[in-house]
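Structure data follow from entry.pdb (PDB, C-alpha atoms, pLDDT in the B column):
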ATOM      1  CA  MET A   1    -108.702 333.210  74.223  1.00 72.00           C
ATOM      2  CA  ALA A   2    -109.941 329.630  73.953  1.00 91.00           C
ATOM      3  CA  LEU A   3    -109.006 327.575  70.911  1.00 96.00           C
ATOM      4  CA  SER A   4    -111.802 327.070  68.397  1.00 97.00           C
ATOM      5  CA  ASP A   5    -112.933 323.616  67.292  1.00 97.00           C
ATOM      6  CA  ASP A   6    -111.052 324.056  64.013  1.00 97.00           C
ATOM      7  CA  GLN A   7    -107.901 325.048  65.889  1.00 98.00           C
ATOM      8  CA  LEU A   8    -108.204 322.070  68.200  1.00 98.00           C
ATOM      9  CA  ASP A   9    -108.230 319.866  65.098  1.00 98.00           C
ATOM     10  CA  ARG A  10    -105.500 321.760  63.239  1.00 98.00           C
ATOM     11  CA  TYR A  11    -103.040 321.777  66.149  1.00 98.00           C
ATOM     12  CA  ALA A  12    -104.052 318.466  67.734  1.00 98.00           C
ATOM     13  CA  ARG A  13    -100.575 316.951  67.373  1.00 98.00           C
ATOM     14  CA  HIS A  14     -99.113 319.928  69.217  1.00 98.00           C
ATOM     15  CA  ILE A  15    -101.729 319.960  71.917  1.00 98.00           C
ATOM     16  CA  ILE A  16    -101.126 316.343  72.917  1.00 98.00           C
ATOM     17  CA  LEU A  17     -97.449 317.108  73.476  1.00 98.00           C
ATOM     18  CA  ARG A  18     -96.918 317.664  77.193  1.00 97.00           C
ATOM     19  CA  GLU A  19     -94.344 320.382  76.490  1.00 98.00           C
ATOM     20  CA  ILE A  20     -96.809 322.399  74.374  1.00 98.00           C
ATOM     21  CA  GLY A  21    -100.426 321.607  75.199  1.00 98.00           C
ATOM     22  CA  GLY A  22    -103.289 324.027  74.736  1.00 97.00           C
ATOM     23  CA  ALA A  23    -101.570 326.833  76.634  1.00 97.00           C
ATOM     24  CA  GLY A  24     -98.449 326.539  74.507  1.00 98.00           C
ATOM     25  CA  GLN A  25    -100.456 326.572  71.303  1.00 98.00           C
ATOM     26  CA  GLN A  26    -102.271 329.697  72.436  1.00 98.00           C
ATOM     27  CA  LYS A  27     -98.893 331.296  73.131  1.00 98.00           C
ATOM     28  CA  LEU A  28     -97.728 330.456  69.609  1.00 98.00           C
ATOM     29  CA  LEU A  29    -100.867 332.052  68.194  1.00 98.00           C
ATOM     30  CA  ARG A  30    -100.025 335.230  70.131  1.00 98.00           C
ATOM     31  CA  SER A  31     -96.366 335.191  69.056  1.00 98.00           C
ATOM     32  CA  LYS A  32     -94.751 337.409  66.439  1.00 98.00           C
ATOM     33  CA  VAL A  33     -91.713 336.256  64.440  1.00 98.00           C
ATOM     34  CA  LEU A  34     -89.729 338.182  61.840  1.00 98.00           C
ATOM     35  CA  ILE A  35     -88.114 336.242  58.987  1.00 98.00           C
ATOM     36  CA  VAL A  36     -85.295 338.145  57.308  1.00 98.00           C
ATOM     37  CA  GLY A  37     -85.045 336.811  53.774  1.00 97.00           C
ATOM     38  CA  ALA A  38     -87.767 334.921  51.881  1.00 97.00           C
ATOM     39  CA  GLY A  39     -85.347 332.624  50.058  1.00 96.00           C
ATOM     40  CA  GLY A  40     -83.888 329.177  50.615  1.00 96.00           C
ATOM     41  CA  LEU A  41     -83.910 329.282  54.418  1.00 98.00           C
ATOM     42  CA  GLY A  42     -86.827 331.666  54.764  1.00 97.00           C
ATOM     43  CA  SER A  43     -89.121 329.386  52.755  1.00 98.00           C
ATOM     44  CA  PRO A  44     -89.130 326.326  55.069  1.00 98.00           C
ATOM     45  CA  LEU A  45     -88.994 328.628  58.080  1.00 98.00           C
ATOM     46  CA  LEU A  46     -92.063 330.450  56.865  1.00 97.00           C
ATOM     47  CA  LEU A  47     -94.052 327.350  56.015  1.00 98.00           C
ATOM     48  CA  TYR A  48     -93.325 325.461  59.224  1.00 98.00           C
ATOM     49  CA  LEU A  49     -93.887 328.455  61.496  1.00 98.00           C
ATOM     50  CA  ALA A  50     -97.165 329.131  59.717  1.00 98.00           C
ATOM     51  CA  ALA A  51     -98.181 325.480  60.007  1.00 98.00           C
ATOM     52  CA  ALA A  52     -97.275 325.589  63.707  1.00 98.00           C
ATOM     53  CA  GLY A  53     -99.697 328.459  64.224  1.00 98.00           C
ATOM     54  CA  VAL A  54     -97.304 331.322  64.944  1.00 98.00           C
ATOM     55  CA  GLY A  55     -99.924 334.047  64.823  1.00 98.00           C
ATOM     56  CA  THR A  56     -97.975 336.888  63.210  1.00 98.00           C
ATOM     57  CA  ILE A  57     -95.110 336.389  60.778  1.00 98.00           C
ATOM     58  CA  GLY A  58     -93.213 339.301  59.313  1.00 98.00           C
ATOM     59  CA  ILE A  59     -91.192 338.786  56.135  1.00 98.00           C
ATOM     60  CA  ILE A  60     -88.613 341.290  54.929  1.00 98.00           C
ATOM     61  CA  ASP A  61     -87.087 340.987  51.465  1.00 97.00           C
ATOM     62  CA  ASP A  62     -86.746 343.391  48.551  1.00 96.00           C
ATOM     63  CA  ASP A  63     -86.117 340.755  45.871  1.00 97.00           C
ATOM     64  CA  VAL A  64     -88.366 339.184  43.237  1.00 98.00           C
ATOM     65  CA  VAL A  65     -88.765 335.492  42.404  1.00 98.00           C
ATOM     66  CA  ASP A  66     -86.362 334.204  39.753  1.00 97.00           C
ATOM     67  CA  LEU A  67     -86.439 330.855  37.968  1.00 98.00           C
ATOM     68  CA  SER A  68     -83.095 329.917  39.550  1.00 96.00           C
ATOM     69  CA  ASN A  69     -84.657 330.312  43.027  1.00 97.00           C
ATOM     70  CA  LEU A  70     -87.121 327.465  42.593  1.00 97.00           C
ATOM     71  CA  GLN A  71     -84.551 324.699  43.104  1.00 97.00           C
ATOM     72  CA  ARG A  72     -84.673 325.444  46.855  1.00 97.00           C
ATOM     73  CA  GLN A  73     -87.060 328.316  47.652  1.00 97.00           C
ATOM     74  CA  ILE A  74     -90.177 326.209  48.162  1.00 97.00           C
ATOM     75  CA  ALA A  75     -92.475 329.035  49.252  1.00 98.00           C
ATOM     76  CA  HIS A  76     -92.549 330.142  45.593  1.00 98.00           C
ATOM     77  CA  GLY A  77     -93.686 328.468  42.382  1.00 97.00           C
ATOM     78  CA  THR A  78     -93.265 328.869  38.652  1.00 98.00           C
ATOM     79  CA  ALA A  79     -96.315 331.146  38.469  1.00 98.00           C
ATOM     80  CA  ASP A  80     -94.624 333.519  40.948  1.00 98.00           C
ATOM     81  CA  ILE A  81     -91.599 334.282  38.749  1.00 98.00           C
ATOM     82  CA  GLY A  82     -91.161 338.057  38.586  1.00 98.00           C
ATOM     83  CA  ALA A  83     -93.372 338.655  41.618  1.00 98.00           C
ATOM     84  CA  SER A  84     -92.222 340.148  44.909  1.00 98.00           C
ATOM     85  CA  LYS A  85     -90.892 337.406  47.180  1.00 98.00           C
ATOM     86  CA  VAL A  86     -92.721 338.759  50.231  1.00 98.00           C
ATOM     87  CA  GLU A  87     -96.023 338.844  48.343  1.00 98.00           C
ATOM     88  CA  SER A  88     -95.470 335.343  46.960  1.00 98.00           C
ATOM     89  CA  ALA A  89     -94.584 334.093  50.449  1.00 98.00           C
ATOM     90  CA  ALA A  90     -97.680 335.739  51.917  1.00 98.00           C
ATOM     91  CA  ARG A  91     -99.869 333.901  49.401  1.00 98.00           C
ATOM     92  CA  SER A  92     -98.255 330.600  50.406  1.00 98.00           C
ATOM     93  CA  VAL A  93     -99.087 331.262  54.056  1.00 98.00           C
ATOM     94  CA  ALA A  94    -102.678 332.212  53.204  1.00 97.00           C
ATOM     95  CA  ARG A  95    -103.121 328.873  51.428  1.00 97.00           C
ATOM     96  CA  LEU A  96    -101.637 326.993  54.365  1.00 98.00           C
ATOM     97  CA  ASN A  97    -103.131 328.583  57.473  1.00 98.00           C
ATOM     98  CA  PRO A  98    -105.767 331.341  57.736  1.00 96.00           C
ATOM     99  CA  ASP A  99    -104.913 331.791  61.435  1.00 96.00           C
ATOM    100  CA  VAL A 100    -101.646 333.502  60.505  1.00 98.00           C
ATOM    101  CA  THR A 101    -101.280 337.209  59.782  1.00 98.00           C
ATOM    102  CA  VAL A 102     -98.398 338.060  57.462  1.00 98.00           C
ATOM    103  CA  ILE A 103     -96.733 341.464  57.586  1.00 98.00           C
ATOM    104  CA  ALA A 104     -94.894 342.016  54.310  1.00 97.00           C
ATOM    105  CA  HIS A 105     -91.885 344.320  54.488  1.00 98.00           C
ATOM    106  CA  LYS A 106     -90.984 344.804  50.825  1.00 97.00           C
ATOM    107  CA  GLU A 107     -87.664 346.456  51.539  1.00 96.00           C
ATOM    108  CA  ARG A 108     -84.079 345.669  52.442  1.00 95.00           C
ATOM    109  CA  LEU A 109     -83.005 345.592  56.092  1.00 95.00           C
ATOM    110  CA  THR A 110     -80.784 348.621  56.724  1.00 95.00           C
ATOM    111  CA  ALA A 111     -79.321 350.519  59.652  1.00 94.00           C
ATOM    112  CA  ASP A 112     -82.107 353.073  59.169  1.00 95.00           C
ATOM    113  CA  ASN A 113     -85.058 350.669  59.452  1.00 96.00           C
ATOM    114  CA  ALA A 114     -83.720 347.710  61.482  1.00 97.00           C
ATOM    115  CA  ALA A 115     -84.632 348.970  64.966  1.00 96.00           C
ATOM    116  CA  ARG A 116     -88.128 350.030  63.906  1.00 96.00           C
ATOM    117  CA  ILE A 117     -88.948 346.748  62.167  1.00 97.00           C
ATOM    118  CA  ILE A 118     -87.443 344.399  64.753  1.00 98.00           C
ATOM    119  CA  ALA A 119     -89.180 346.171  67.654  1.00 97.00           C
ATOM    120  CA  GLY A 120     -92.542 344.737  66.627  1.00 96.00           C
ATOM    121  CA  TYR A 121     -91.537 341.074  67.017  1.00 98.00           C
ATOM    122  CA  ASP A 122     -90.788 338.592  69.805  1.00 98.00           C
ATOM    123  CA  LEU A 123     -88.083 336.715  67.876  1.00 98.00           C
ATOM    124  CA  VAL A 124     -86.058 337.159  64.696  1.00 98.00           C
ATOM    125  CA  THR A 125     -84.841 334.490  62.274  1.00 98.00           C
ATOM    126  CA  ASP A 126     -81.957 335.027  59.870  1.00 97.00           C
ATOM    127  CA  GLY A 127     -82.334 333.627  56.368  1.00 93.00           C
ATOM    128  CA  THR A 128     -79.944 336.050  54.663  1.00 92.00           C
ATOM    129  CA  ASP A 129     -76.980 335.212  52.452  1.00 86.00           C
ATOM    130  CA  ASN A 130     -74.532 338.069  52.987  1.00 87.00           C
ATOM    131  CA  SER A 131     -72.217 339.092  55.813  1.00 88.00           C
ATOM    132  CA  GLU A 132     -73.203 342.750  55.851  1.00 89.00           C
ATOM    133  CA  THR A 133     -76.832 341.969  56.711  1.00 93.00           C
ATOM    134  CA  ARG A 134     -75.812 339.291  59.233  1.00 94.00           C
ATOM    135  CA  PHE A 135     -73.677 341.740  61.205  1.00 95.00           C
ATOM    136  CA  LEU A 136     -76.392 344.393  61.071  1.00 95.00           C
ATOM    137  CA  LEU A 137     -79.041 341.906  62.188  1.00 96.00           C
ATOM    138  CA  ASN A 138     -76.878 340.662  65.052  1.00 97.00           C
ATOM    139  CA  ASP A 139     -76.287 344.185  66.332  1.00 97.00           C
ATOM    140  CA  ALA A 140     -79.931 345.218  65.957  1.00 97.00           C
ATOM    141  CA  CYS A 141     -81.178 342.149  67.844  1.00 98.00           C
ATOM    142  CA  TYR A 142     -78.600 342.708  70.571  1.00 97.00           C
ATOM    143  CA  PHE A 143     -79.660 346.308  71.156  1.00 97.00           C
ATOM    144  CA  GLY A 144     -83.335 345.401  70.756  1.00 97.00           C
ATOM    145  CA  LYS A 145     -83.033 342.425  73.140  1.00 97.00           C
ATOM    146  CA  LYS A 146     -84.548 339.978  70.638  1.00 98.00           C
ATOM    147  CA  PRO A 147     -83.448 336.329  70.291  1.00 98.00           C
ATOM    148  CA  LEU A 148     -81.950 335.679  66.855  1.00 98.00           C
ATOM    149  CA  VAL A 149     -82.140 332.183  65.347  1.00 98.00           C
ATOM    150  CA  SER A 150     -79.456 332.094  62.674  1.00 98.00           C
ATOM    151  CA  GLY A 151     -78.875 329.680  59.807  1.00 97.00           C
ATOM    152  CA  ALA A 152     -76.437 329.511  56.900  1.00 96.00           C
ATOM    153  CA  ILE A 153     -75.860 327.144  53.985  1.00 95.00           C
ATOM    154  CA  LEU A 154     -73.328 326.745  51.192  1.00 93.00           C
ATOM    155  CA  GLN A 155     -72.746 323.831  48.836  1.00 94.00           C
ATOM    156  CA  PHE A 156     -73.339 320.765  51.097  1.00 97.00           C
ATOM    157  CA  ASP A 157     -72.771 322.375  54.515  1.00 97.00           C
ATOM    158  CA  GLY A 158     -75.133 324.075  56.924  1.00 97.00           C
ATOM    159  CA  GLN A 159     -74.983 325.661  60.359  1.00 97.00           C
ATOM    160  CA  ILE A 160     -77.559 326.786  62.907  1.00 98.00           C
ATOM    161  CA  THR A 161     -77.290 328.635  66.215  1.00 98.00           C
ATOM    162  CA  THR A 162     -79.184 331.093  68.397  1.00 98.00           C
ATOM    163  CA  PHE A 163     -77.838 334.433  69.561  1.00 98.00           C
ATOM    164  CA  LYS A 164     -79.109 336.215  72.666  1.00 97.00           C
ATOM    165  CA  ALA A 165     -76.035 337.923  74.104  1.00 96.00           C
ATOM    166  CA  TYR A 166     -78.268 340.539  75.736  1.00 95.00           C
ATOM    167  CA  ASP A 167     -79.291 337.843  78.233  1.00 93.00           C
ATOM    168  CA  GLU A 168     -77.345 336.986  81.362  1.00 83.00           C
ATOM    169  CA  GLY A 169     -74.835 334.169  81.274  1.00 85.00           C
ATOM    170  CA  ALA A 170     -72.343 332.962  78.691  1.00 88.00           C
ATOM    171  CA  ASN A 171     -74.460 333.763  75.639  1.00 96.00           C
ATOM    172  CA  PRO A 172     -72.318 334.871  72.679  1.00 97.00           C
ATOM    173  CA  CYS A 173     -73.285 337.104  69.762  1.00 97.00           C
ATOM    174  CA  TYR A 174     -72.459 336.697  66.073  1.00 97.00           C
ATOM    175  CA  ARG A 175     -69.363 338.865  66.484  1.00 96.00           C
ATOM    176  CA  CYS A 176     -68.013 336.477  69.127  1.00 96.00           C
ATOM    177  CA  LEU A 177     -68.094 333.750  66.484  1.00 93.00           C
ATOM    178  CA  PHE A 178     -67.061 335.906  63.505  1.00 91.00           C
ATOM    179  CA  PRO A 179     -65.192 339.007  64.750  1.00 89.00           C
ATOM    180  CA  VAL A 180     -64.867 340.601  61.300  1.00 84.00           C
ATOM    181  CA  PRO A 181     -66.526 340.086  57.920  1.00 80.00           C
ATOM    182  CA  PRO A 182     -64.662 337.711  55.603  1.00 75.00           C
ATOM    183  CA  PRO A 183     -62.811 339.195  52.601  1.00 73.00           C
ATOM    184  CA  PRO A 184     -64.997 339.550  49.496  1.00 67.00           C
ATOM    185  CA  ASP A 185     -62.922 336.950  47.618  1.00 64.00           C
ATOM    186  CA  VAL A 186     -63.616 334.395  50.369  1.00 64.00           C
ATOM    187  CA  ALA A 187     -67.283 335.121  51.147  1.00 65.00           C
ATOM    188  CA  GLN A 188     -68.933 333.218  48.317  1.00 68.00           C
ATOM    189  CA  THR A 189     -72.701 333.156  47.918  1.00 70.00           C
ATOM    190  CA  CYS A 190     -74.854 330.215  46.871  1.00 70.00           C
ATOM    191  CA  GLY A 191     -75.064 331.790  43.422  1.00 70.00           C
ATOM    192  CA  GLU A 192     -71.284 331.674  43.134  1.00 77.00           C
ATOM    193  CA  ALA A 193     -70.467 328.369  44.854  1.00 82.00           C
ATOM    194  CA  GLY A 194     -73.719 326.410  44.480  1.00 89.00           C
ATOM    195  CA  VAL A 195     -75.929 324.761  47.079  1.00 94.00           C
ATOM    196  CA  LEU A 196     -77.871 321.511  47.402  1.00 96.00           C
ATOM    197  CA  GLY A 197     -81.519 322.557  47.292  1.00 96.00           C
ATOM    198  CA  ALA A 198     -82.762 320.158  49.967  1.00 97.00           C
ATOM    199  CA  LEU A 199     -80.044 321.400  52.349  1.00 97.00           C
ATOM    200  CA  ALA A 200     -82.031 324.627  52.674  1.00 97.00           C
ATOM    201  CA  GLY A 201     -84.987 322.546  53.841  1.00 98.00           C
ATOM    202  CA  VAL A 202     -82.935 320.774  56.500  1.00 98.00           C
ATOM    203  CA  VAL A 203     -81.387 323.926  57.965  1.00 98.00           C
ATOM    204  CA  GLY A 204     -84.514 326.095  57.652  1.00 98.00           C
ATOM    205  CA  SER A 205     -86.628 323.405  59.326  1.00 98.00           C
ATOM    206  CA  ILE A 206     -84.198 323.185  62.251  1.00 98.00           C
ATOM    207  CA  GLN A 207     -84.370 326.962  62.562  1.00 98.00           C
ATOM    208  CA  ALA A 208     -88.159 326.667  62.785  1.00 98.00           C
ATOM    209  CA  VAL A 209     -87.819 324.057  65.547  1.00 98.00           C
ATOM    210  CA  GLU A 210     -85.427 326.287  67.497  1.00 98.00           C
ATOM    211  CA  ALA A 211     -87.711 329.294  67.033  1.00 98.00           C
ATOM    212  CA  VAL A 212     -90.697 327.398  68.464  1.00 98.00           C
ATOM    213  CA  LYS A 213     -88.578 326.200  71.411  1.00 98.00           C
ATOM    214  CA  GLU A 214     -87.450 329.768  72.140  1.00 98.00           C
ATOM    215  CA  LEU A 215     -90.999 331.132  71.925  1.00 98.00           C
ATOM    216  CA  LEU A 216     -92.312 328.483  74.322  1.00 98.00           C
ATOM    217  CA  GLY A 217     -89.247 328.259  76.582  1.00 98.00           C
ATOM    218  CA  ILE A 218     -88.961 324.494  76.175  1.00 98.00           C
ATOM    219  CA  GLY A 219     -86.019 322.173  75.684  1.00 97.00           C
ATOM    220  CA  GLU A 220     -82.399 323.198  75.360  1.00 96.00           C
ATOM    221  CA  GLY A 221     -81.668 325.988  72.906  1.00 96.00           C
ATOM    222  CA  LEU A 222     -78.600 326.513  70.754  1.00 98.00           C
ATOM    223  CA  SER A 223     -77.284 329.688  72.369  1.00 97.00           C
ATOM    224  CA  GLY A 224     -73.590 329.088  72.973  1.00 97.00           C
ATOM    225  CA  ARG A 225     -73.507 326.114  70.620  1.00 97.00           C
ATOM    226  CA  LEU A 226     -73.139 325.857  66.854  1.00 98.00           C
ATOM    227  CA  LEU A 227     -74.860 322.945  65.116  1.00 98.00           C
ATOM    228  CA  LEU A 228     -73.038 321.886  61.940  1.00 98.00           C
ATOM    229  CA  TYR A 229     -74.465 319.621  59.245  1.00 98.00           C
ATOM    230  CA  ASP A 230     -72.386 317.950  56.562  1.00 98.00           C
ATOM    231  CA  ALA A 231     -74.859 316.643  54.001  1.00 98.00           C
ATOM    232  CA  LEU A 232     -72.298 314.624  52.037  1.00 98.00           C
ATOM    233  CA  ALA A 233     -71.167 312.765  55.169  1.00 98.00           C
ATOM    234  CA  ALA A 234     -74.714 312.626  56.610  1.00 97.00           C
ATOM    235  CA  GLU A 235     -73.220 313.931  59.848  1.00 98.00           C
ATOM    236  CA  PHE A 236     -74.265 316.412  62.505  1.00 98.00           C
ATOM    237  CA  ARG A 237     -71.858 317.768  65.098  1.00 98.00           C
ATOM    238  CA  LYS A 238     -72.147 320.443  67.738  1.00 97.00           C
ATOM    239  CA  ILE A 239     -69.403 322.756  68.968  1.00 97.00           C
ATOM    240  CA  LYS A 240     -69.368 325.184  71.877  1.00 97.00           C
ATOM    241  CA  VAL A 241     -69.139 328.873  71.087  1.00 95.00           C
ATOM    242  CA  PRO A 242     -67.921 330.861  74.116  1.00 94.00           C
ATOM    243  CA  ARG A 243     -68.703 334.474  74.730  1.00 95.00           C
ATOM    244  CA  ASP A 244     -65.707 336.638  73.792  1.00 95.00           C
ATOM    245  CA  PRO A 245     -64.810 339.021  76.634  1.00 95.00           C
ATOM    246  CA  ASN A 246     -63.104 341.225  74.012  1.00 95.00           C
ATOM    247  CA  CYS A 247     -66.101 341.312  71.671  1.00 96.00           C
ATOM    248  CA  PRO A 248     -66.630 344.910  70.499  1.00 95.00           C
ATOM    249  CA  LEU A 249     -70.406 344.507  70.901  1.00 96.00           C
ATOM    250  CA  CYS A 250     -71.144 342.313  73.932  1.00 95.00           C
ATOM    251  CA  GLY A 251     -67.706 342.124  75.591  1.00 94.00           C
ATOM    252  CA  ASN A 252     -66.501 343.676  78.820  1.00 93.00           C
ATOM    253  CA  SER A 253     -65.520 346.966  77.189  1.00 94.00           C
ATOM    254  CA  PRO A 254     -67.733 347.351  74.117  1.00 93.00           C
ATOM    255  CA  SER A 255     -66.754 349.844  71.425  1.00 94.00           C
ATOM    256  CA  ILE A 256     -69.949 349.424  69.385  1.00 92.00           C
ATOM    257  CA  THR A 257     -72.745 351.385  71.012  1.00 87.00           C
ATOM    258  CA  ASP A 258     -75.211 351.570  68.123  1.00 80.00           C
ATOM    259  CA  PHE A 259     -75.679 350.033  64.679  1.00 71.00           C
TER     260      PHE A 259
END

Can the structure from this file be put into structure tokens for me?
Amino acid sequence: MALSDDQLDRYARHIILREIGGAGQQKLLRSKVLIVGAGGLGSPLLLYLAAAGVGTIGIIDDDVVDLSNLQRQIAHGTADIGASKVESAARSVARLNPDVTVIAHKERLTADNAARIIAGYDLVTDGTDNSETRFLLNDACYFGKKPLVSGAILQFDGQITTFKAYDEGANPCYRCLFPVPPPPDVAQTCGEAGVLGALAGVVGSIQAVEAVKELLGIGEGLSGRLLLYDALAAEFRKIKVPRDPNCPLCGNSPSITDF
């Protein structure tokens, strides 16, 4: 389908990029991305993917907007307090870009619904804040053969990577990086340890960049590499993450055969 005159204007700065062009923009408009979590990371992810013209964006979250969210969750405003986060996020997208269809999943991701929900999308982004959901999401994307762009933040530190261990080559999964969930007394949340609000914008925006690159097959992705950001030191560094041959999910002799 040819781009309309309005779309040519809206996406002009994409279209003049050699790596994207008109064909790439059309591909984005046909793409479907699921955002798991409409909070600190999900907000910039949502807004930048919508602005980029990703045609279908799914949002899954069972929470409501709280006043304490607004320090970092920029898809929501004061008037949205008490409202469903997915409905508030959908309204933000509607204001930003009418080209985008939002599918609101007002529920929590579970082992019972993960496969069904993820199956409808080309790519999944992780904006969650708990280990249980991260492990579930990793396993579901592995079995569903969906690239997973993952981000995490706490206090002044952030990390971003992409998981696609289902693909050939030395692509690790989340379990290769974190074999077991951390103990409850170690796994602090942002509510317990605090987080710099703008840090969510930095990490969520990088996730959006990596998602667009994966959808279009351009540049060098982050599979097999973990990008770390120290906001206090104003420092980025990148470390290699090898595939673990003993990983219970994607290793040579897997013991996990479903999620």

**OP:** Name the closest residue to Ser205 (chain A) among the candidates A:Leu29, A:Ala90, A:Ile103, A:Val149; distances are taken between atoms, counting all atoms listed in the file.
**Re:**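 Comparing A:Leu29, A:Ala90, A:Ile103, A:Val149 against Ser205 (chain A), the winner is A:Val149.
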
**OP:** Evaluate the PyMOL selection byres ((chain A and resi 113-126) around 8) and record the selected residues as a PyMOL selection string, following the chain and residue labels used in the document.
**Re:** chain A and resi 31-37+42+109-112+127-128+134+137+140-141+144+146-151+207+211+215

Each residue of region 148-232 of chain A with at least one atom at most 12 Å from region 129-133 of chain A should appear once, together with its nearest atom pair and the corresponding distance in Å (one decimal); atoms considered: all atoms listed in the file; ordering: chain, then increasing residue number; output as JSON lines.
{"residue": "A:Ser150", "atom": "CA", "partner": "A:Asp129", "partner_atom": "CA", "distance": 11.0}
{"residue": "A:Gly151", "atom": "CA", "partner": "A:Asp129", "partner_atom": "CA", "distance": 9.4}
{"residue": "A:Ala152", "atom": "CA", "partner": "A:Asp129", "partner_atom": "CA", "distance": 7.3}
{"residue": "A:Ile153", "atom": "CA", "partner": "A:Asp129", "partner_atom": "CA", "distance": 8.3}
{"residue": "A:Leu154", "atom": "CA", "partner": "A:Asp129", "partner_atom": "CA", "distance": 9.3}
{"residue": "A:Tyr174", "atom": "CA", "partner": "A:Ser131", "partner_atom": "CA", "distance": 10.5}
{"residue": "A:Arg175", "atom": "CA", "partner": "A:Ser131", "partner_atom": "CA", "distance": 11.0}
{"residue": "A:Phe178", "atom": "CA", "partner": "A:Ser131", "partner_atom": "CA", "distance": 9.8}
{"residue": "A:Pro179", "atom": "CA", "partner": "A:Ser131", "partner_atom": "CA", "distance": 11.4}
{"residue": "A:Val180", "atom": "CA", "partner": "A:Ser131", "partner_atom": "CA", "distance": 9.3}
{"residue": "A:Pro181", "atom": "CA", "partner": "A:Ser131", "partner_atom": "CA", "distance": 6.1}
{"residue": "A:Pro182", "atom": "CA", "partner": "A:Ser131", "partner_atom": "CA", "distance": 7.7}
{"residue": "A:Pro183", "atom": "CA", "partner": "A:Ser131", "partner_atom": "CA", "distance": 9.9}
{"residue": "A:Pro184", "atom": "CA", "partner": "A:Ser131", "partner_atom": "CA", "distance": 9.6}
{"residue": "A:Val186", "atom": "CA", "partner": "A:Ser131", "partner_atom": "CA", "distance": 11.2}
{"residue": "A:Ala187", "atom": "CA", "partner": "A:Ser131", "partner_atom": "CA", "distance": 7.9}
{"residue": "A:Gln188", "atom": "CA", "partner": "A:Asn130", "partner_atom": "CA", "distance": 8.8}
{"residue": "A:Thr189", "atom": "CA", "partner": "A:Asp129", "partner_atom": "CA", "distance": 6.6}
{"residue": "A:Cys190", "atom": "CA", "partner": "A:Asp129", "partner_atom": "CA", "distance": 7.8}
{"residue": "A:Gly191", "atom": "CA", "partner": "A:Asp129", "partner_atom": "CA", "distance": 9.8}
{"residue": "A:Glu192", "atom": "CA", "partner": "A:Asp129", "partner_atom": "CA", "distance": 11.5}
{"residue": "A:Val195", "atom": "CA", "partner": "A:Asp129", "partner_atom": "CA", "distance": 11.8}
{"residue": "A:Ala200", "atom": "CA", "partner": "A:Asp129", "partner_atom": "CA", "distance": 11.7}

For the interface of region 164-219 of chain A with region 238-252 of chain A (cut-off 8 Å, counting all atoms listed in the file), please tabulate each contacting residue of region 164-219 of chain A alongside its nearest pair of atoms and their separation in Å to one decimal, rows sorted by chain and increasing number, as JSON lines.
{"residue": "A:Ala165", "atom": "CA", "partner": "A:Cys250", "partner_atom": "CA", "distance": 6.6}
{"residue": "A:Tyr166", "atom": "CA", "partner": "A:Cys250", "partner_atom": "CA", "distance": 7.6}
{"residue": "A:Ala170", "atom": "CA", "partner": "A:Arg243", "partner_atom": "CA", "distance": 5.6}
{"residue": "A:Asn171", "atom": "CA", "partner": "A:Arg243", "partner_atom": "CA", "distance": 5.9}
{"residue": "A:Pro172", "atom": "CA", "partner": "A:Arg243", "partner_atom": "CA", "distance": 4.2}
{"residue": "A:Cys173", "atom": "CA", "partner": "A:Cys250", "partner_atom": "CA", "distance": 7.0}
{"residue": "A:Arg175", "atom": "CA", "partner": "A:Cys247", "partner_atom": "CA", "distance": 6.6}
{"residue": "A:Cys176", "atom": "CA", "partner": "A:Asp244", "partner_atom": "CA", "distance": 5.2}
{"residue": "A:Leu177", "atom": "CA", "partner": "A:Val241", "partner_atom": "CA", "distance": 6.8}
{"residue": "A:Pro179", "atom": "CA", "partner": "A:Cys247", "partner_atom": "CA", "distance": 7.4}

Original post:
Smallest atom-to-atom distance to Asn69 (chain A): which of A:Leu196, A:Ala2, A:Leu49, A:Ile15, using all atoms listed in the file?
Top reply: A:Leu196

Original post:
Do you know which residues the PyMOL selection byres ((chain A and resi 197) around 12) returns on this file, as a VMD selection string?
Top reply: chain A and resid 39 to 41 43 to 44 68 to 74 153 to 158 190 to 191 194 to 196 198 to 204 231

Polymer residues at most 10 Å from Arg91 (chain A), all atoms listed in the file, same-chain spacing of 6 or more positions, as a PDB file with C-alpha atoms, in the coordinates of the input:
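Okay, this is what ended up in part-v6.pdb:
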ATOM      1  CA  ALA A  75     -92.475 329.035  49.252  1.00 98.00           C
ATOM      2  CA  HIS A  76     -92.549 330.142  45.593  1.00 98.00           C
ATOM      3  CA  ASP A  80     -94.624 333.519  40.948  1.00 98.00           C
ATOM      4  CA  LYS A  85     -90.892 337.406  47.180  1.00 98.00           C
ATOM      5  CA  VAL A 102     -98.398 338.060  57.462  1.00 98.00           C
TER       6      VAL A 102
END

Subject >> Given the PyMOL selection byres ((chain A and resi 259) around 8), the residues it picks as number ranges by chain >> reply: A: 111, 136, 139-140, 256-258

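Taking CA of Leu222 (chain A) as the reference point, CA of Arg30 (chain A) is found at 23.1 Å.
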
Subject >> Counting all atoms listed in the file, the residue of A:Lys164, A:Gly24, A:Arg18, A:Thr101 that sits nearest Gly217 (chain A) >> reply: A:Gly24

Subject >> Contacts of Lys27 (chain A) within 9 Å, all atoms listed in the file, excl. fewer than 4 positions in-chain, as a ChimeraX atom specification >> reply: /A:22-23,31,54-55,215-216

**OP:** Rounded to one decimal place, report the CA of Ser223 (chain A)-CA of His14 (chain A) distance in Å.
**Re:**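 Rounded to one decimal, the two atoms are 24.1 Å apart.
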
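Between Glu19 (chain A) and the candidates A:Ile218, A:Ala38, A:Thr56, A:Met1, the tightest atom-to-atom separation, counting only C-alpha atoms, involves A:Ile218.
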